[in-house]
$ cat my_file.txt   # compact mmCIF, C-alpha atoms
# COMPACT_ATOMS: atom_id res chain seq x y z
CA MET A 8 -8.41 -14.02 -25.24
CA GLY A 9 -10.02 -10.60 -25.23
CA THR A 10 -8.21 -7.32 -25.06
CA LEU A 11 -8.37 -6.07 -21.51
CA PRO A 12 -9.81 -2.57 -21.19
CA THR A 13 -7.16 -0.45 -19.52
CA ILE A 14 -7.29 -0.71 -15.77
CA ARG A 15 -5.38 1.66 -13.60
CA ILE A 16 -4.07 1.22 -10.12
CA ASN A 17 -2.30 3.66 -7.87
CA LEU A 18 0.72 2.16 -6.16
CA ASP A 19 0.88 5.16 -3.78
CA SER A 20 -2.61 4.48 -2.47
CA SER A 21 -3.10 3.04 1.00
CA GLU A 22 -5.53 0.60 -0.62
CA PRO A 23 -3.61 -2.62 -1.30
CA ALA A 24 -2.91 -3.22 -5.01
CA TYR A 25 -4.67 -6.61 -5.07
CA ARG A 26 -7.86 -4.95 -3.83
CA GLN A 27 -7.57 -2.19 -6.42
CA ILE A 28 -7.15 -4.79 -9.17
CA ALA A 29 -10.07 -6.89 -7.90
CA GLY A 30 -12.21 -3.74 -7.62
CA ALA A 31 -11.43 -2.58 -11.15
CA LEU A 32 -12.05 -6.03 -12.66
CA ARG A 33 -15.26 -6.50 -10.63
CA THR A 34 -16.62 -3.24 -12.02
CA LEU A 35 -16.07 -4.54 -15.56
CA LEU A 36 -17.69 -7.86 -14.63
CA VAL A 37 -20.72 -6.20 -13.05
CA ASP A 38 -21.36 -3.88 -15.97
CA GLY A 39 -21.05 -6.75 -18.45
CA THR A 40 -17.88 -5.59 -20.22
CA PHE A 41 -16.52 -9.06 -19.48
CA ALA A 42 -19.13 -11.55 -20.70
CA VAL A 43 -19.34 -15.24 -19.85
CA GLY A 44 -16.48 -17.11 -21.53
CA TYR A 45 -14.21 -14.08 -21.62
CA GLN A 46 -10.66 -15.09 -20.85
CA LEU A 47 -8.71 -12.72 -18.68
CA PRO A 48 -5.04 -12.10 -19.45
CA PRO A 49 -2.56 -14.47 -17.83
CA VAL A 50 -1.51 -13.43 -14.34
CA ARG A 51 2.05 -12.67 -15.35
CA GLN A 52 1.05 -10.53 -18.30
CA LEU A 53 -1.31 -8.36 -16.28
CA ALA A 54 1.28 -8.16 -13.50
CA THR A 55 3.86 -6.87 -15.96
CA ASP A 56 1.39 -4.37 -17.43
CA LEU A 57 0.54 -3.00 -13.99
CA GLY A 58 4.05 -3.16 -12.56
CA VAL A 59 3.17 -5.43 -9.66
CA HIS A 60 4.26 -8.85 -8.45
CA HIS A 61 2.41 -11.70 -10.11
CA ASN A 62 1.15 -12.88 -6.70
CA THR A 63 -0.72 -9.59 -6.41
CA VAL A 64 -2.68 -10.30 -9.60
CA ALA A 65 -3.17 -13.94 -8.58
CA GLN A 66 -4.65 -12.75 -5.27
CA ALA A 67 -7.12 -10.48 -7.12
CA TYR A 68 -8.15 -13.36 -9.43
CA HIS A 69 -8.69 -15.61 -6.42
CA ILE A 70 -10.96 -13.05 -4.75
CA LEU A 71 -13.08 -12.87 -7.89
CA ALA A 72 -13.11 -16.66 -8.24
CA ASP A 73 -14.30 -16.95 -4.61
CA GLU A 74 -17.09 -14.51 -5.44
CA GLY A 75 -18.17 -16.77 -8.30
CA TRP A 76 -17.09 -14.61 -11.25
CA LEU A 77 -14.21 -16.67 -12.55
CA THR A 78 -13.01 -20.20 -12.89
CA LEU A 79 -9.26 -20.61 -12.59
CA ARG A 80 -7.86 -23.49 -14.57
CA ARG A 81 -4.21 -24.22 -14.95
CA ARG A 82 -4.21 -24.47 -18.71
CA HIS A 83 -6.98 -22.05 -19.56
CA GLY A 84 -6.26 -19.31 -17.06
CA ALA A 85 -9.04 -17.17 -15.64
CA VAL A 86 -12.34 -17.46 -17.51
CA VAL A 87 -15.57 -15.60 -16.74
CA ILE A 88 -18.40 -17.94 -15.76
CA GLU A 89 -22.15 -17.57 -15.32
CA ARG A 90 -22.89 -16.12 -11.92
CA CYS A 91 -26.23 -15.83 -10.17
CA SER A 92 -26.70 -12.66 -8.19
CA PRO A 93 -26.88 -13.63 -4.51
CA LYS A 94 -29.77 -12.58 -2.27
CA PRO A 95 -28.38 -9.60 -0.41
CA THR A 96 -28.18 -9.97 3.35
CA PRO A 97 -29.39 -7.01 5.46
CA GLU A 98 -25.75 -6.32 6.27
CA VAL A 99 -24.93 -5.70 2.61
CA ARG A 100 -26.95 -2.51 2.42
CA SER A 101 -25.81 -1.18 5.80
CA ALA A 102 -22.17 -1.92 4.96
CA PHE A 103 -22.63 -0.21 1.57
CA LEU A 104 -24.14 2.86 3.27
CA ARG A 105 -21.31 3.01 5.78
CA ARG A 106 -18.61 2.68 3.14
CA LEU A 107 -20.25 5.33 0.94
CA ARG A 108 -20.26 7.77 3.84
CA GLU A 109 -16.63 6.95 4.58
CA LEU A 110 -15.61 7.33 0.96
CA GLY A 111 -17.35 10.70 0.80
CA ALA A 112 -15.69 11.78 4.03
CA GLU A 113 -12.32 10.68 2.66
CA ALA A 114 -12.85 12.72 -0.52
CA LYS A 115 -13.90 15.74 1.54
CA ALA A 116 -10.85 15.28 3.77
CA ALA A 117 -8.71 15.28 0.60
CA GLY A 118 -10.13 18.70 -0.25
CA LEU A 119 -13.18 18.07 -2.46
CA ALA A 120 -16.04 20.51 -1.84
CA PRO A 121 -19.23 18.93 -0.43
CA ASP A 122 -21.08 19.92 -3.63
CA VAL A 123 -18.53 18.08 -5.74
CA VAL A 124 -18.78 15.03 -3.48
CA ALA A 125 -22.58 15.10 -3.81
CA ASP A 126 -22.60 15.75 -7.58
CA THR A 127 -20.16 12.91 -8.21
CA MET A 128 -22.32 10.53 -6.16
CA ARG A 129 -25.44 11.58 -8.07
CA ALA A 130 -23.68 11.09 -11.42
CA VAL A 131 -22.62 7.56 -10.46
CA ALA A 132 -26.15 6.83 -9.12
CA ARG A 133 -27.58 7.91 -12.50
CA HIS A 134 -25.12 5.62 -14.26
CA PHE A 135 -26.39 2.59 -12.30
CA VAL A 136 -30.05 3.28 -13.06
CA GLU A 137 -29.40 4.07 -16.72
CA ARG A 138 -27.53 0.84 -17.27
CA ARG A 139 -30.49 -1.06 -15.86
CA LEU A 140 -32.94 0.78 -18.16
CA ALA A 141 -30.71 0.25 -21.19
CA ARG A 142 -30.83 -3.49 -20.58
CA GLY A 143 -34.59 -3.59 -19.99
CA MET B 23 -11.53 12.29 27.15
CA GLY B 24 -14.83 12.14 25.31
CA THR B 25 -17.04 9.13 24.93
CA LEU B 26 -16.36 7.59 21.58
CA PRO B 27 -19.48 7.18 19.44
CA THR B 28 -19.80 3.49 18.69
CA ILE B 29 -17.76 2.48 15.70
CA ARG B 30 -18.22 -0.87 14.08
CA ILE B 31 -15.83 -2.93 12.09
CA ASN B 32 -16.33 -6.21 10.34
CA LEU B 33 -13.52 -8.67 10.95
CA ASP B 34 -14.82 -10.90 8.13
CA SER B 35 -14.41 -8.11 5.58
CA SER B 36 -11.62 -8.25 3.04
CA GLU B 37 -10.94 -4.63 3.97
CA PRO B 38 -8.12 -4.60 6.54
CA ALA B 39 -9.30 -3.69 10.06
CA TYR B 40 -6.90 -0.73 10.39
CA ARG B 41 -8.42 0.81 7.26
CA GLN B 42 -11.93 0.24 8.55
CA ILE B 43 -11.03 1.91 11.85
CA ALA B 44 -9.34 4.85 10.11
CA GLY B 45 -12.33 5.19 7.77
CA ALA B 46 -14.87 5.22 10.60
CA LEU B 47 -12.88 7.74 12.65
CA ARG B 48 -12.23 9.94 9.60
CA THR B 49 -15.96 10.14 8.95
CA LEU B 50 -16.50 11.42 12.49
CA LEU B 51 -13.64 13.90 12.08
CA VAL B 52 -14.96 15.20 8.75
CA ASP B 53 -18.50 15.71 10.00
CA GLY B 54 -17.26 17.50 13.10
CA THR B 55 -18.36 14.93 15.69
CA PHE B 56 -14.77 15.05 16.94
CA ALA B 57 -13.90 18.71 17.47
CA VAL B 58 -10.44 20.20 17.93
CA GLY B 59 -9.06 19.17 21.32
CA TYR B 60 -11.09 15.99 21.49
CA GLN B 61 -9.04 13.19 22.96
CA LEU B 62 -9.48 9.81 21.38
CA PRO B 63 -9.50 6.72 23.59
CA PRO B 64 -6.14 5.12 24.33
CA VAL B 65 -5.03 2.64 21.68
CA ARG B 66 -5.34 -0.35 24.00
CA GLN B 67 -8.83 0.56 25.15
CA LEU B 68 -10.20 0.93 21.63
CA ALA B 69 -8.39 -2.24 20.59
CA THR B 70 -10.08 -4.16 23.41
CA ASP B 71 -13.48 -2.68 22.53
CA LEU B 72 -13.12 -3.69 18.89
CA GLY B 73 -11.46 -7.05 19.52
CA VAL B 74 -8.32 -6.28 17.52
CA HIS B 75 -4.60 -6.14 18.25
CA HIS B 76 -3.47 -2.79 19.63
CA ASN B 77 -1.12 -2.37 16.69
CA THR B 78 -4.15 -2.32 14.42
CA VAL B 79 -5.58 0.69 16.25
CA ALA B 80 -2.15 2.33 16.40
CA GLN B 81 -1.86 1.96 12.63
CA ALA B 82 -5.25 3.66 12.14
CA TYR B 83 -4.24 6.54 14.45
CA HIS B 84 -0.98 6.95 12.52
CA ILE B 85 -2.83 7.20 9.21
CA LEU B 86 -5.03 9.96 10.63
CA ALA B 87 -2.04 11.72 12.17
CA ASP B 88 -0.29 11.63 8.77
CA GLU B 89 -3.38 13.20 7.24
CA GLY B 90 -3.18 16.03 9.76
CA TRP B 91 -6.18 15.18 11.93
CA LEU B 92 -4.43 14.09 15.10
CA THR B 93 -1.38 14.71 17.14
CA LEU B 94 0.02 11.66 18.87
CA ARG B 95 1.79 12.35 22.11
CA ARG B 96 3.06 9.72 24.45
CA ARG B 97 1.44 11.10 27.59
CA HIS B 98 -1.69 12.67 26.09
CA GLY B 99 -2.59 10.06 23.50
CA ALA B 100 -4.33 11.01 20.27
CA VAL B 101 -5.79 14.51 20.25
CA VAL B 102 -7.73 16.17 17.42
CA ILE B 103 -5.94 19.22 16.01
CA GLU B 104 -6.92 22.05 13.69
CA ARG B 105 -6.60 20.88 10.11
CA CYS B 106 -6.73 22.96 6.96
CA SER B 107 -8.49 21.33 4.05
CA PRO B 108 -5.89 20.65 1.36
CA LYS B 109 -6.30 21.87 -2.21
CA PRO B 110 -7.54 18.80 -4.04
CA THR B 111 -5.31 17.52 -6.82
CA PRO B 112 -7.03 16.56 -10.10
CA GLU B 113 -6.38 12.94 -9.18
CA VAL B 114 -8.52 13.23 -6.06
CA ARG B 115 -11.75 13.62 -8.00
CA SER B 116 -10.93 10.95 -10.57
CA ALA B 117 -9.91 8.50 -7.85
CA PHE B 118 -13.12 9.30 -5.94
CA LEU B 119 -15.19 8.68 -9.09
CA ARG B 120 -13.43 5.38 -9.75
CA ARG B 121 -13.84 4.15 -6.19
CA LEU B 122 -17.52 5.14 -6.13
CA ARG B 123 -18.13 3.12 -9.28
CA GLU B 124 -16.25 0.19 -7.79
CA LEU B 125 -18.13 0.39 -4.52
CA GLY B 126 -21.44 0.45 -6.40
CA ALA B 127 -20.35 -2.51 -8.53
CA GLU B 128 -19.35 -4.39 -5.39
CA ALA B 129 -22.76 -3.75 -3.79
CA LYS B 130 -24.49 -4.85 -6.98
CA ALA B 131 -22.32 -7.97 -7.10
CA ALA B 132 -23.40 -8.69 -3.50
CA GLY B 133 -27.02 -8.68 -4.68
CA LEU B 134 -28.28 -5.10 -4.20
CA ALA B 135 -30.65 -3.96 -6.94
CA PRO B 136 -29.37 -1.08 -9.12
CA ASP B 137 -32.20 1.12 -7.82
CA VAL B 138 -31.12 0.49 -4.25
CA VAL B 139 -27.50 1.24 -5.14
CA ALA B 140 -28.60 4.51 -6.79
CA ASP B 141 -31.01 5.52 -4.00
CA THR B 142 -28.38 4.91 -1.34
CA MET B 143 -25.88 7.06 -3.24
CA ARG B 144 -28.43 9.86 -3.62
CA ALA B 145 -29.26 9.73 0.10
CA VAL B 146 -25.59 10.03 1.04
CA ALA B 147 -25.12 12.84 -1.52
CA ARG B 148 -28.02 14.72 0.10
CA HIS B 149 -26.43 14.23 3.51
CA PHE B 150 -23.21 15.94 2.33
CA VAL B 151 -25.03 18.97 0.90
CA GLU B 152 -27.36 19.31 3.89
CA ARG B 153 -24.51 19.31 6.35
CA ARG B 154 -22.91 22.12 4.39
CA LEU B 155 -26.16 24.14 4.38
CA ALA B 156 -26.71 23.50 8.09
CA ARG B 157 -23.32 25.01 8.81
CA GLY B 158 -23.86 27.95 6.47
$ encode --input "my_file.txt" --output "structure tokens"
Amino acid sequence: MGTLPTIRINLDSSEPAYRQIAGALRTLLVDGTFAVGYQLPPVRQLATDLGVHHNTVAQAYHILADEGWLTLRRRHGAVVIERCSPKPTPEVRSAFLRRLRELGAEAKAAGLAPDVVADTMRAVARHFVERRLARG
Amino acid sequence: MGTLPTIRINLDSSEPAYRQIAGALRTLLVDGTFAVGYQLPPVRQLATDLGVHHNTVAQAYHILADEGWLTLRRRHGAVVIERCSPKPTPEVRSAFLRRLRELGAEAKAAGLAPDVVADTMRAVARHFVERRLARG
């Protein structure tokens, strides 16, 4: 079983904890930090680490299993499996655009200056392209 | 009461409908489409338009009222009020950065190419800076 890179969730957020956990783990899956065969920590252990109910972690693992990232086996726990990237539907890009705008608006509503919103988006954009180049 | 620009939600999304509604309305509030004094449609009307339970819309309005965007009065419904931008806490930027990365990872997991993820982020970044310039 690998050591889990620290993931953080915010229990005060209006975003449900299981979605925060799934989002944080998905990011590590997408960027290859979790390779095929990697065994995620048992549900109860991660739940204790994060201070949430074990059902909350189980729900996050199920989301990722439904997306094809994990296999959940009673004795072996959650293991990362080979996953083929799906063909994106047209809705994927429009939903992504909409959610980006909303996330930016939310940050601006929380007091971030438009320049900071824009710079942060550009930095993350750069990160996505650089990862691709680094992998050829 | 103004005409509400069309907002769209996706009932198949794992993102709860009340959060989608709040997110869509917040975007219109942040970019000034809804000015001070604008009266949002009654809860039941918007609920019918979107095909959700009226409590779902009420929950979205309450979130926005808590954030200082709206006043909710029994006879007048939801009205946009003057709102001062809060001073952002250090957590706001780090949470924004984290959620941007997660949103990008989610789009990539759904099949979008890294270049498309990056280009979409840059386009939205430009939108935030241009709006600021347009308003001086």
$ interface_residues --input "my_file.txt" --of "chain A" --to "chain B" --cutoff "6 Å" --atoms "only C-alpha atoms" --output "PyMOL selection string"
chain A and resi 30+34+37+92-95+109+112+117-119+121+125+128-129+132+135-136
$ atom_distance --input "my_file.txt" --atom1 "atom CA of Gln66 of chain A" --atom2 "atom CA of Tyr25 of chain A"
6.1 Å
$ atom_distance --input "my_file.txt" --atom1 "atom CA of Asp34 of chain B" --atom2 "atom CA of Asn62 of chain A"
21.9 Å
$ atom_distance --input "my_file.txt" --atom1 "atom CA of Ala67 of chain A" --atom2 "atom CA of Leu72 of chain B"
27.5 Å
$ residues_around --input "my_file.txt" --residues "His76 of chain B" --least-positions-apart "4" --cutoff "12 Å" --atoms "all atoms listed in the file" --output "number ranges by chain"
B: 39-40, 43, 63-72, 80-83
